[in-house]
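Okay, so here's the structure we're looking at.
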Amino acid sequence: MPTLVLQAVTPPILLSHITFNGMGSFQPEDSPVQLAQNPAHGGNGAANIQEDLNFVQKAWNFYQQRLLREKILIAIVVYLLISILALFVAILINRQLQTKKRKKTRELKNEYQEQLAAFLFDDTVERIEFTGINIPQNRQIFIDELRVLHSNLYGETAEKLRDLYFNLELHKDSLRKVYHRSWHQKAKGFREVAQMDVKDANDHIRSFVNSKNPIIRVEAQVAMVKLSEDNPLSFLDELTYELSEWEQINIYDTLTYHQMNIDSFESWLDNPNPSVVQFALRMIGLFKHMHSAPRVQQLLTHKDARIRLAAVQALKPLEVAEYIPDLKELFRRETHDLMVILNEQREENKRDIRSLDDLLPRKIRFAIVECMEPIASAQEIPFLSEVASEHENSFKIRILAIRIMAALHPEGDAELERLLAQADQILSTMIINVKQNLES
Amino acid sequence: MIEFFRSLQFIIENGIIVITIFIFGSYVALAIFSALSMLKYIRKNSYIDYKVILSSPLAPSISVIAPAYNEGKTIVDNIRSLLSLHYNDFEVVIVNDGSKDDSMEKVIKAYDLEPINVVYEEKIPTKTIRNIYKSRNKAFNKLIVIDKENGGKADALNAGINFTQKEYISVVDVDSVLVEDALLIMAKPFLEETEQKIIASGGVIRIANSCKIEEGRITEVKLPKRFIPRVQVLEYTRAFLMGRMAWSKLNGLLLVSGAFGMFNRDIVVKVGGYNTNLVGEDMELIVRMRRYMSELKEKYRVIYIPDPLCWTEVPGNLKVLGRQRDRWTRGNMESLFIHFKLFFNPRYKSLGLLGHPYWFFFEWLAPILEFVGIIYFIIIAILSAPNWPFFFLLLGAVYFFAVTLSHWAILFEELSFHRYQRKREVVKMLFTAMLEPIFYHPFILWFSIRGNFKYFIGEKSWGSMERVGFSEEEDKKEKTQPAA
């Protein structure tokens, strides 16, 4: 390696006179004296070359005389020097090229924006030649601009833009990306065909809703929502991966942005994938599907705590007072589970580790009380009073229970007065605080 | 005797070669990991629309907690900047940690604050809370100001953590400037993961010295004019883009910067919040959270975001820089020694086998070895003739390696976020990289040795925290740790 490195830094003109024998020793073809005497080399030039050769020879001799560890260091130093030079030049060239490219892209974007605006809104324009549209890089810039514009338009204008997309055969570019091997091209392609409503690759895209790559997966799912007219969420039936929060947010965004109407999410409440059930419950709550309330109620006893929590949260916006007894029953069960966990944790505390197991029962209990807030009647006062008084409960849930009671006139007020009379300092501070906040 | 020294010299010199090659190899491996991760990240996020989080009722709630101590000169603008962040369900909790200046008066006046009655659980013990304020003006309804007795940054953060009920907490230095989408970008990794719990995410910290800032927003990015802040730009770029990116990929990240990070509140509370007895509370919290999750056998990750989301000022002179760096050294040592159980412990997987040992050897031991090496050389020079060719070759190799690494970092920056637009800025950076090992690194080494000394004599001070704004005319406050 040191030999190779030395070769790399030696000017080629000198290398033409140097050979290395098998043992790695230096062997000039012509001696410096011969070179100086050779008229073909000229006077001063020959002297310079001789100096250079002397330097190279000295360097080589120095290298040869070194110990192995020093030879390694020489190799490292020479290699790093070349790297620094190469990086220095690469950074400057890259900067130059990038600046040019960015400028060109910016100009092209502005041009396309103007041309697209003229195409859409200027009736005097009969035909527009989009600048450099046949160059692949330009086509991508054009597609991006067209997509941005399309996402901000509705109705006839959006349709006109879509027609342009097809007339310019840009859908073929998008489809090429859909079938591309690289994941990021594929994801980009999914996004483009979904937005421009290109249904030619539906089957192919559908096969990626269970892709190992989470980025491809979310893009495929969103594309399927957009492209499956009859049943936008049918892909949920075959989903094997857990539906992430990010995927749920994107699917919900697509449904609402395109004002898609899903009659019922109930069919996914029996899905073996718990995340699909959670998603369906969330959608029932967000779209206020009152007709699904009985099915949601059944899930209050589900064995999976995450689904119980989602069911309670889905019931809150539905405001169904008749399920209050079920909620209270669930609260009691969750309290029992929580106490078991807390007792275990007290044991575990000896090892200074408290598990995360108490978090879900706590969240479910809070969600239950929260769910009762808009629908509670005087009948719930004993339950709420118990929640507010229980020392094991968090401040958050106790304060919420007090706030609900304070809103139930006059029975709630009376109960709070009774509690206040026998309350400890913490409870009395909570009650006074809630009352003061209500008054202000 | 001379023979003995010759033998010792032989062993040491060969040992140095092996260690040097190992260190070079480690840095190259980290750089490769970083490059791959960065490429994936940039491709992945190039077409992501973060606005879907902004408008979604499914997005998690976030509390931005910013401790403030004697920040009177900038606090009003900084709060305005935090309030204008793009996110739907969030609150800004400013914790005034017993400031001796007029911070509270200024904030009360500027935001029309009034004390509120609120009861909340003090799950983590803190110093006494004097008052909690909210604004009468509905436009500032996301703002909460906690006024408490002085207890240090960690104590102030714990007070904010106690108060908030949001799912995630974002810890911010009140004088840092966040980009408007910072919360959206930072929240995304928490939403994506299904198989592992994301317990924390950290972002790149960029240097705001010389940048143009208007109404709490960076309006023009400029490379610092002075050498010391400029060389820190290089240092931060190297550490964040080449170090932490790789450690995130290897799930061995031990530090989320105190200037800007996001945490799962439940886990923070479970582990007992920040340790108020340490100077390196930010690193220690992450190590403790990771250790906690490992001991529970829960799958987890600490994520790092390479986007330049947070801009902050760095020390402008050696005096303040020295205070900052010796404090960082003490902070590292605290976390490493408190959690020494992790050291090469397979039970803690990447944390025990990679993260902790790396920090132990590269962040703590390396400067000590370097210092010992210098002392050794001086002794050899006095007692016998040193091996000068070996000395100069080693010096050259280390120097050129440092410069090469910095040049790679500049290339990473150029190919990724490209924040320094002027051509002369990149040329300046390249030359700064050549000067850094000669004119900057010796001081950093000295500060680290001083930190070690102070740690062993038990010094716990933070150093002064004066604030002057973002101009480069005066000394700067000490800030965030960029080490890999």
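Convention: chains lettered A, B, ... in structure tokens order; per-chain residue numbering from 1; ligands numbered from 1 as shown.
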If you count only C-alpha atoms, which residues fall within 9 Å of range 339-347 of chain A, apart from same-chain ones fewer than 6 positions away, as an NGL selection string?
:A and (353-355 or 357-358 or 392)
Could you please take those selected residues and save N, CA, C and O atoms as a short mmCIF file (atom, residue, chain, number, x, y, z; two decimals), in the first residue's frame?
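The file below, result38.cif, is the result:
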data_model
loop_
_atom_site.label_atom_id
_atom_site.label_comp_id
_atom_site.auth_asym_id
_atom_site.auth_seq_id
_atom_site.Cartn_x
_atom_site.Cartn_y
_atom_site.Cartn_z
N ILE A 353 -37.57 -0.67 40.95
CA ILE A 353 -38.16 -0.58 39.62
C ILE A 353 -39.68 -0.62 39.74
O ILE A 353 -40.22 -1.54 40.34
N ARG A 354 -40.32 0.36 39.18
CA ARG A 354 -41.77 0.33 39.12
C ARG A 354 -42.15 0.10 37.67
O ARG A 354 -41.71 0.84 36.79
N SER A 355 -42.96 -0.92 37.43
CA SER A 355 -43.27 -1.28 36.05
C SER A 355 -44.18 -0.23 35.42
O SER A 355 -44.69 0.66 36.09
N ASP A 357 -46.97 -1.15 34.08
CA ASP A 357 -48.27 -1.82 33.97
C ASP A 357 -49.44 -1.00 34.49
O ASP A 357 -50.59 -1.24 34.09
N ASP A 358 -49.18 -0.07 35.40
CA ASP A 358 -50.30 0.68 35.98
C ASP A 358 -50.81 1.77 35.03
O ASP A 358 -51.89 2.33 35.25
N GLU A 392 -55.81 6.87 46.74
CA GLU A 392 -54.95 6.17 45.77
C GLU A 392 -55.06 6.78 44.37
O GLU A 392 -54.18 6.61 43.53
#
Just need the residues of chain A within 9 Å of chain B, counting only C-alpha atoms, so spit them out as a PDB file with N, CA, C and O atoms, in the first residue's frame.
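Result went into selection18.pdb, see below:
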ATOM      1  N   ARG A  66      12.417   2.993   7.346  1.00  0.00           N
ATOM      2  CA  ARG A  66      11.533   3.070   8.524  1.00  0.00           C
ATOM      3  C   ARG A  66      11.140   1.689   9.041  1.00  0.00           C
ATOM      4  O   ARG A  66      11.168   0.704   8.284  1.00  0.00           O
ATOM      5  N   ARG A  69       5.849   0.153  11.861  1.00  0.00           N
ATOM      6  CA  ARG A  69       4.854   1.056  12.436  1.00  0.00           C
ATOM      7  C   ARG A  69       4.942   2.450  11.820  1.00  0.00           C
ATOM      8  O   ARG A  69       3.950   3.126  11.627  1.00  0.00           O
ATOM      9  N   GLU A  70       6.179   2.842  11.471  1.00  0.00           N
ATOM     10  CA  GLU A  70       6.336   4.155  10.845  1.00  0.00           C
ATOM     11  C   GLU A  70       5.872   4.120   9.390  1.00  0.00           C
ATOM     12  O   GLU A  70       5.295   5.092   8.890  1.00  0.00           O
ATOM     13  N   ILE A  72       3.436   2.332   8.368  1.00  0.00           N
ATOM     14  CA  ILE A  72       1.965   2.410   8.458  1.00  0.00           C
ATOM     15  C   ILE A  72       1.541   3.868   8.607  1.00  0.00           C
ATOM     16  O   ILE A  72       0.619   4.342   7.934  1.00  0.00           O
ATOM     17  N   LEU A  73       2.246   4.583   9.470  1.00  0.00           N
ATOM     18  CA  LEU A  73       1.888   5.991   9.688  1.00  0.00           C
ATOM     19  C   LEU A  73       2.097   6.824   8.422  1.00  0.00           C
ATOM     20  O   LEU A  73       1.282   7.690   8.099  1.00  0.00           O
ATOM     21  N   ILE A  74       3.183   6.530   7.697  1.00  0.00           N
ATOM     22  CA  ILE A  74       3.421   7.262   6.441  1.00  0.00           C
ATOM     23  C   ILE A  74       2.259   7.020   5.487  1.00  0.00           C
ATOM     24  O   ILE A  74       1.721   7.955   4.871  1.00  0.00           O
ATOM     25  N   ILE A  76      -0.766   6.214   6.203  1.00  0.00           N
ATOM     26  CA  ILE A  76      -1.966   6.906   6.687  1.00  0.00           C
ATOM     27  C   ILE A  76      -1.884   8.395   6.349  1.00  0.00           C
ATOM     28  O   ILE A  76      -2.847   8.984   5.836  1.00  0.00           O
ATOM     29  N   VAL A  77      -0.728   8.990   6.609  1.00  0.00           N
ATOM     30  CA  VAL A  77      -0.576  10.432   6.371  1.00  0.00           C
ATOM     31  C   VAL A  77      -0.789  10.761   4.892  1.00  0.00           C
ATOM     32  O   VAL A  77      -1.537  11.682   4.544  1.00  0.00           O
ATOM     33  N   VAL A  78      -0.154   9.966   4.027  1.00  0.00           N
ATOM     34  CA  VAL A  78      -0.280  10.239   2.586  1.00  0.00           C
ATOM     35  C   VAL A  78      -1.724  10.053   2.140  1.00  0.00           C
ATOM     36  O   VAL A  78      -2.278  10.878   1.416  1.00  0.00           O
ATOM     37  N   LEU A  80      -4.431  10.307   3.939  1.00  0.00           N
ATOM     38  CA  LEU A  80      -5.280  11.379   4.472  1.00  0.00           C
ATOM     39  C   LEU A  80      -5.056  12.689   3.729  1.00  0.00           C
ATOM     40  O   LEU A  80      -6.016  13.427   3.473  1.00  0.00           O
ATOM     41  N   LEU A  81      -3.799  12.943   3.376  1.00  0.00           N
ATOM     42  CA  LEU A  81      -3.512  14.170   2.615  1.00  0.00           C
ATOM     43  C   LEU A  81      -4.265  14.184   1.296  1.00  0.00           C
ATOM     44  O   LEU A  81      -4.877  15.185   0.918  1.00  0.00           O
ATOM     45  N   SER A  83      -6.956  12.493   0.658  1.00  0.00           N
ATOM     46  CA  SER A  83      -8.390  12.609   0.978  1.00  0.00           C
ATOM     47  C   SER A  83      -8.771  14.058   1.188  1.00  0.00           C
ATOM     48  O   SER A  83      -9.806  14.522   0.705  1.00  0.00           O
ATOM     49  N   ILE A  84      -7.924  14.778   1.946  1.00  0.00           N
ATOM     50  CA  ILE A  84      -8.238  16.180   2.243  1.00  0.00           C
ATOM     51  C   ILE A  84      -8.303  16.992   0.947  1.00  0.00           C
ATOM     52  O   ILE A  84      -9.254  17.748   0.726  1.00  0.00           O
ATOM     53  N   LEU A  87     -11.403  15.944  -0.969  1.00  0.00           N
ATOM     54  CA  LEU A  87     -12.626  16.467  -0.344  1.00  0.00           C
ATOM     55  C   LEU A  87     -12.749  17.967  -0.565  1.00  0.00           C
ATOM     56  O   LEU A  87     -13.840  18.473  -0.848  1.00  0.00           O
ATOM     57  N   PHE A  88     -11.639  18.658  -0.419  1.00  0.00           N
ATOM     58  CA  PHE A  88     -11.632  20.110  -0.599  1.00  0.00           C
ATOM     59  C   PHE A  88     -12.172  20.462  -1.987  1.00  0.00           C
ATOM     60  O   PHE A  88     -13.094  21.267  -2.138  1.00  0.00           O
ATOM     61  N   ALA A  90     -13.832  18.430  -4.017  1.00  0.00           N
ATOM     62  CA  ALA A  90     -15.195  17.902  -4.193  1.00  0.00           C
ATOM     63  C   ALA A  90     -16.232  18.834  -3.579  1.00  0.00           C
ATOM     64  O   ALA A  90     -17.286  19.083  -4.171  1.00  0.00           O
ATOM     65  N   ILE A  91     -15.916  19.351  -2.397  1.00  0.00           N
ATOM     66  CA  ILE A  91     -16.870  20.241  -1.722  1.00  0.00           C
ATOM     67  C   ILE A  91     -17.085  21.508  -2.552  1.00  0.00           C
ATOM     68  O   ILE A  91     -18.229  21.948  -2.754  1.00  0.00           O
ATOM     69  N   LEU A  92     -16.001  22.067  -3.057  1.00  0.00           N
ATOM     70  CA  LEU A  92     -16.128  23.307  -3.835  1.00  0.00           C
ATOM     71  C   LEU A  92     -16.860  23.061  -5.160  1.00  0.00           C
ATOM     72  O   LEU A  92     -17.733  23.843  -5.541  1.00  0.00           O
ATOM     73  N   ASN A  94     -18.954  20.593  -5.768  1.00  0.00           N
ATOM     74  CA  ASN A  94     -20.341  20.291  -5.417  1.00  0.00           C
ATOM     75  C   ASN A  94     -21.127  21.565  -5.144  1.00  0.00           C
ATOM     76  O   ASN A  94     -22.262  21.729  -5.587  1.00  0.00           O
ATOM     77  N   ARG A  95     -20.492  22.488  -4.401  1.00  0.00           N
ATOM     78  CA  ARG A  95     -21.144  23.755  -4.088  1.00  0.00           C
ATOM     79  C   ARG A  95     -21.516  24.502  -5.378  1.00  0.00           C
ATOM     80  O   ARG A  95     -22.633  24.995  -5.544  1.00  0.00           O
ATOM     81  N   GLN A  96     -20.547  24.518  -6.313  1.00  0.00           N
ATOM     82  CA  GLN A  96     -20.766  25.214  -7.583  1.00  0.00           C
ATOM     83  C   GLN A  96     -21.936  24.575  -8.346  1.00  0.00           C
ATOM     84  O   GLN A  96     -22.856  25.264  -8.798  1.00  0.00           O
ATOM     85  N   GLN A  98     -24.299  22.531  -7.201  1.00  0.00           N
ATOM     86  CA  GLN A  98     -25.567  22.611  -6.481  1.00  0.00           C
ATOM     87  C   GLN A  98     -26.189  23.995  -6.613  1.00  0.00           C
ATOM     88  O   GLN A  98     -27.400  24.131  -6.752  1.00  0.00           O
ATOM     89  N   THR A  99     -25.347  25.016  -6.539  1.00  0.00           N
ATOM     90  CA  THR A  99     -25.858  26.382  -6.661  1.00  0.00           C
ATOM     91  C   THR A  99     -26.514  26.564  -8.025  1.00  0.00           C
ATOM     92  O   THR A  99     -27.616  27.099  -8.130  1.00  0.00           O
ATOM     93  N   HIS A 184     -37.747   4.505  -2.151  1.00  0.00           N
ATOM     94  CA  HIS A 184     -38.189   5.903  -2.081  1.00  0.00           C
ATOM     95  C   HIS A 184     -38.841   6.358  -3.378  1.00  0.00           C
ATOM     96  O   HIS A 184     -39.745   7.181  -3.369  1.00  0.00           O
ATOM     97  N   ALA A 187     -42.363   4.854  -3.146  1.00  0.00           N
ATOM     98  CA  ALA A 187     -43.226   5.629  -2.244  1.00  0.00           C
ATOM     99  C   ALA A 187     -43.683   6.926  -2.925  1.00  0.00           C
ATOM    100  O   ALA A 187     -44.852   7.328  -2.806  1.00  0.00           O
ATOM    101  N   LYS A 188     -42.775   7.534  -3.633  1.00  0.00           N
ATOM    102  CA  LYS A 188     -43.103   8.766  -4.347  1.00  0.00           C
ATOM    103  C   LYS A 188     -44.166   8.498  -5.421  1.00  0.00           C
ATOM    104  O   LYS A 188     -45.116   9.260  -5.591  1.00  0.00           O
ATOM    105  N   ARG A 191     -47.599   8.038  -4.002  1.00  0.00           N
ATOM    106  CA  ARG A 191     -48.179   9.320  -3.618  1.00  0.00           C
ATOM    107  C   ARG A 191     -48.734  10.049  -4.858  1.00  0.00           C
ATOM    108  O   ARG A 191     -49.821  10.614  -4.822  1.00  0.00           O
ATOM    109  N   PRO A 214     -41.843   0.365   6.509  1.00  0.00           N
ATOM    110  CA  PRO A 214     -42.979   1.149   7.022  1.00  0.00           C
ATOM    111  C   PRO A 214     -43.322   2.370   6.163  1.00  0.00           C
ATOM    112  O   PRO A 214     -44.470   2.832   6.164  1.00  0.00           O
ATOM    113  N   ILE A 215     -42.329   2.872   5.429  1.00  0.00           N
ATOM    114  CA  ILE A 215     -42.592   4.066   4.611  1.00  0.00           C
ATOM    115  C   ILE A 215     -43.442   3.680   3.401  1.00  0.00           C
ATOM    116  O   ILE A 215     -44.428   4.339   3.069  1.00  0.00           O
ATOM    117  N   TYR A 241     -49.533  -6.091   9.813  1.00  0.00           N
ATOM    118  CA  TYR A 241     -48.703  -5.259  10.692  1.00  0.00           C
ATOM    119  C   TYR A 241     -49.595  -4.395  11.579  1.00  0.00           C
ATOM    120  O   TYR A 241     -50.742  -4.106  11.240  1.00  0.00           O
ATOM    121  N   GLU A 242     -49.028  -3.978  12.680  1.00  0.00           N
ATOM    122  CA  GLU A 242     -49.757  -3.058  13.553  1.00  0.00           C
ATOM    123  C   GLU A 242     -49.873  -1.703  12.850  1.00  0.00           C
ATOM    124  O   GLU A 242     -48.913  -1.233  12.240  1.00  0.00           O
ATOM    125  N   LEU A 243     -51.055  -1.119  12.930  1.00  0.00           N
ATOM    126  CA  LEU A 243     -51.291   0.184  12.304  1.00  0.00           C
ATOM    127  C   LEU A 243     -50.731   1.266  13.237  1.00  0.00           C
ATOM    128  O   LEU A 243     -51.237   1.458  14.339  1.00  0.00           O
ATOM    129  N   SER A 244     -49.675   1.942  12.773  1.00  0.00           N
ATOM    130  CA  SER A 244     -49.043   2.929  13.663  1.00  0.00           C
ATOM    131  C   SER A 244     -49.911   4.191  13.780  1.00  0.00           C
ATOM    132  O   SER A 244     -50.824   4.408  12.976  1.00  0.00           O
ATOM    133  N   GLU A 245     -49.598   4.983  14.778  1.00  0.00           N
ATOM    134  CA  GLU A 245     -50.314   6.254  14.961  1.00  0.00           C
ATOM    135  C   GLU A 245     -50.158   7.109  13.690  1.00  0.00           C
ATOM    136  O   GLU A 245     -51.081   7.779  13.267  1.00  0.00           O
ATOM    137  N   TRP A 246     -48.956   7.080  13.141  1.00  0.00           N
ATOM    138  CA  TRP A 246     -48.664   7.875  11.948  1.00  0.00           C
ATOM    139  C   TRP A 246     -49.546   7.420  10.781  1.00  0.00           C
ATOM    140  O   TRP A 246     -50.095   8.237  10.038  1.00  0.00           O
ATOM    141  N   GLU A 247     -49.697   6.095  10.633  1.00  0.00           N
ATOM    142  CA  GLU A 247     -50.550   5.570   9.567  1.00  0.00           C
ATOM    143  C   GLU A 247     -52.010   5.961   9.817  1.00  0.00           C
ATOM    144  O   GLU A 247     -52.713   6.378   8.895  1.00  0.00           O
ATOM    145  N   GLN A 248     -52.426   5.866  11.074  1.00  0.00           N
ATOM    146  CA  GLN A 248     -53.811   6.223  11.393  1.00  0.00           C
ATOM    147  C   GLN A 248     -54.081   7.696  11.092  1.00  0.00           C
ATOM    148  O   GLN A 248     -55.127   8.048  10.546  1.00  0.00           O
ATOM    149  N   ILE A 249     -53.114   8.552  11.456  1.00  0.00           N
ATOM    150  CA  ILE A 249     -53.278   9.987  11.199  1.00  0.00           C
ATOM    151  C   ILE A 249     -53.391  10.244   9.698  1.00  0.00           C
ATOM    152  O   ILE A 249     -54.237  11.016   9.240  1.00  0.00           O
ATOM    153  N   ASN A 250     -52.563   9.567   8.918  1.00  0.00           N
ATOM    154  CA  ASN A 250     -52.579   9.759   7.462  1.00  0.00           C
ATOM    155  C   ASN A 250     -53.867   9.240   6.836  1.00  0.00           C
ATOM    156  O   ASN A 250     -54.415   9.875   5.929  1.00  0.00           O
ATOM    157  N   TYR A 252     -56.798   8.891   8.343  1.00  0.00           N
ATOM    158  CA  TYR A 252     -57.881   9.791   8.757  1.00  0.00           C
ATOM    159  C   TYR A 252     -57.835  11.093   7.958  1.00  0.00           C
ATOM    160  O   TYR A 252     -58.864  11.599   7.511  1.00  0.00           O
ATOM    161  N   ASP A 253     -56.619  11.595   7.748  1.00  0.00           N
ATOM    162  CA  ASP A 253     -56.463  12.841   6.993  1.00  0.00           C
ATOM    163  C   ASP A 253     -56.979  12.668   5.558  1.00  0.00           C
ATOM    164  O   ASP A 253     -57.665  13.538   5.029  1.00  0.00           O
ATOM    165  N   ARG A 282     -61.632   4.628  17.089  1.00  0.00           N
ATOM    166  CA  ARG A 282     -61.317   6.062  17.013  1.00  0.00           C
ATOM    167  C   ARG A 282     -62.164   6.741  15.933  1.00  0.00           C
ATOM    168  O   ARG A 282     -62.648   7.858  16.125  1.00  0.00           O
ATOM    169  N   LEU A 286     -64.701   9.829  16.195  1.00  0.00           N
ATOM    170  CA  LEU A 286     -64.448  11.075  15.457  1.00  0.00           C
ATOM    171  C   LEU A 286     -65.574  11.397  14.471  1.00  0.00           C
ATOM    172  O   LEU A 286     -65.934  12.556  14.293  1.00  0.00           O
ATOM    173  N   ILE A 353     -37.569  -0.668  40.952  1.00  0.00           N
ATOM    174  CA  ILE A 353     -38.161  -0.576  39.615  1.00  0.00           C
ATOM    175  C   ILE A 353     -39.675  -0.620  39.743  1.00  0.00           C
ATOM    176  O   ILE A 353     -40.219  -1.542  40.341  1.00  0.00           O
ATOM    177  N   ARG A 354     -40.319   0.365  39.182  1.00  0.00           N
ATOM    178  CA  ARG A 354     -41.773   0.329  39.123  1.00  0.00           C
ATOM    179  C   ARG A 354     -42.149   0.101  37.667  1.00  0.00           C
ATOM    180  O   ARG A 354     -41.711   0.836  36.791  1.00  0.00           O
ATOM    181  N   SER A 355     -42.957  -0.924  37.434  1.00  0.00           N
ATOM    182  CA  SER A 355     -43.272  -1.278  36.047  1.00  0.00           C
ATOM    183  C   SER A 355     -44.185  -0.230  35.419  1.00  0.00           C
ATOM    184  O   SER A 355     -44.695   0.663  36.087  1.00  0.00           O
ATOM    185  N   LEU A 356     -44.409  -0.406  34.108  1.00  0.00           N
ATOM    186  CA  LEU A 356     -45.296   0.506  33.389  1.00  0.00           C
ATOM    187  C   LEU A 356     -46.735  -0.007  33.385  1.00  0.00           C
ATOM    188  O   LEU A 356     -47.614   0.593  32.779  1.00  0.00           O
ATOM    189  N   LEU A 359     -50.039   2.084  33.995  1.00  0.00           N
ATOM    190  CA  LEU A 359     -50.404   3.228  33.157  1.00  0.00           C
ATOM    191  C   LEU A 359     -51.744   3.039  32.446  1.00  0.00           C
ATOM    192  O   LEU A 359     -52.578   3.943  32.438  1.00  0.00           O
ATOM    193  N   SER A 394     -55.165   9.480  41.316  1.00  0.00           N
ATOM    194  CA  SER A 394     -54.297  10.611  40.996  1.00  0.00           C
ATOM    195  C   SER A 394     -55.067  11.921  41.193  1.00  0.00           C
ATOM    196  O   SER A 394     -56.300  11.944  41.166  1.00  0.00           O
ATOM    197  N   PHE A 395     -54.332  12.999  41.383  1.00  0.00           N
ATOM    198  CA  PHE A 395     -54.960  14.315  41.533  1.00  0.00           C
ATOM    199  C   PHE A 395     -55.831  14.635  40.323  1.00  0.00           C
ATOM    200  O   PHE A 395     -56.895  15.209  40.439  1.00  0.00           O
ATOM    201  N   LYS A 396     -55.325  14.234  39.172  1.00  0.00           N
ATOM    202  CA  LYS A 396     -55.983  14.569  37.902  1.00  0.00           C
ATOM    203  C   LYS A 396     -57.422  14.031  37.867  1.00  0.00           C
ATOM    204  O   LYS A 396     -58.362  14.761  37.547  1.00  0.00           O
ATOM    205  N   ILE A 399     -59.687  15.650  40.699  1.00  0.00           N
ATOM    206  CA  ILE A 399     -60.114  17.017  40.361  1.00  0.00           C
ATOM    207  C   ILE A 399     -61.210  16.985  39.292  1.00  0.00           C
ATOM    208  O   ILE A 399     -62.178  17.742  39.357  1.00  0.00           O
ATOM    209  N   ILE A 426     -55.621  18.049  51.376  1.00  0.00           N
ATOM    210  CA  ILE A 426     -55.493  17.950  49.914  1.00  0.00           C
ATOM    211  C   ILE A 426     -56.856  18.031  49.247  1.00  0.00           C
ATOM    212  O   ILE A 426     -57.065  18.811  48.312  1.00  0.00           O
ATOM    213  N   THR A 429     -58.375  21.465  49.455  1.00  0.00           N
ATOM    214  CA  THR A 429     -57.724  22.396  48.517  1.00  0.00           C
ATOM    215  C   THR A 429     -58.259  22.176  47.106  1.00  0.00           C
ATOM    216  O   THR A 429     -58.535  23.136  46.374  1.00  0.00           O
ATOM    217  N   MET A 430     -58.438  20.906  46.759  1.00  0.00           N
ATOM    218  CA  MET A 430     -58.956  20.598  45.418  1.00  0.00           C
ATOM    219  C   MET A 430     -60.357  21.171  45.237  1.00  0.00           C
ATOM    220  O   MET A 430     -60.650  21.808  44.225  1.00  0.00           O
ATOM    221  N   ASN A 433     -60.338  24.945  45.129  1.00  0.00           N
ATOM    222  CA  ASN A 433     -59.731  25.357  43.855  1.00  0.00           C
ATOM    223  C   ASN A 433     -60.712  25.233  42.689  1.00  0.00           C
ATOM    224  O   ASN A 433     -60.860  26.157  41.887  1.00  0.00           O
ATOM    225  N   VAL A 434     -61.412  24.097  42.615  1.00  0.00           N
ATOM    226  CA  VAL A 434     -62.376  23.890  41.513  1.00  0.00           C
ATOM    227  C   VAL A 434     -63.480  24.936  41.605  1.00  0.00           C
ATOM    228  O   VAL A 434     -63.872  25.554  40.604  1.00  0.00           O
ATOM    229  N   GLN A 436     -63.411  27.899  43.033  1.00  0.00           N
ATOM    230  CA  GLN A 436     -62.896  29.240  42.687  1.00  0.00           C
ATOM    231  C   GLN A 436     -62.761  29.394  41.177  1.00  0.00           C
ATOM    232  O   GLN A 436     -63.120  30.424  40.611  1.00  0.00           O
ATOM    233  N   ASN A 437     -62.250  28.366  40.545  1.00  0.00           N
ATOM    234  CA  ASN A 437     -62.079  28.439  39.084  1.00  0.00           C
ATOM    235  C   ASN A 437     -63.422  28.546  38.367  1.00  0.00           C
ATOM    236  O   ASN A 437     -63.533  29.247  37.365  1.00  0.00           O
TER     237      ASN A 437
END
Run DSSP on the backbone and grab whatever in range 231-375 of chain B lands in strand (DSSP E); send it over as a ChimeraX atom specification.
/B:260-264,300-312
Give me the residues within 9 Å of range 154-156 of chain B as a ChimeraX atom specification, counting only C-alpha atoms and dropping any in the same chain fewer than 5 places off.
/B:66-68,95-97,125-127,146,148-149,161,273-279,281-282
For the atom pair CA of Pro357 in chain B and CA of Arg323 in chain B, what is the interatomic distance in Å to one decimal place?
25.6 Å
Among listed residues B:Phe337, B:Tyr300, B:Phe5, B:Phe33, nearest Trp247 in chain B (using only C-alpha atoms):
B:Phe33
I'd like the neighbourhood of Cys310 in chain B as an NGL selection string, where a residue qualifies if any of its atoms comes within 7 Å (using only C-alpha atoms), though same-chain residues fewer than 6 positions away should be ignored.
:B and (176-179 or 204-206 or 260)
For Tyr27 in chain B, find every residue with an atom within 9 Å (counting only C-alpha atoms), except residues of its own chain fewer than 3 positions away, and show them as a list in words.
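Here the answer would be Phe22, Ile23, Phe24, Leu30, Ala31, Ile32, Met242, Gly243 and Leu405 of chain B.
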Would you compute the distance between CA of Met405 in chain A and CA of Arg365 in chain A? Give it in Å to one decimal.
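Going from CA of Met405 in chain A over to CA of Arg365 in chain A, I get 16.8 Å.
The residue set within 12 Å of Lys104 in chain A, counting only C-alpha atoms and dropping same-chain residues fewer than 4 places from it, reads Leu97, Gln98, Thr99, Lys100, Leu108, Lys109, Asn110, Glu111, Gly132, Gln137, Asn138 and Ile141 of chain A.
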For Val233 in chain B, list every protein, DNA or RNA residue within 10 Å, evaluated using only C-alpha atoms, and leave out those in the same chain fewer than 2 positions away; present the list as an NGL selection string.
:B and (205-209 or 223-224 or 227-231 or 235-239 or 314 or 429 or 432 or 482)
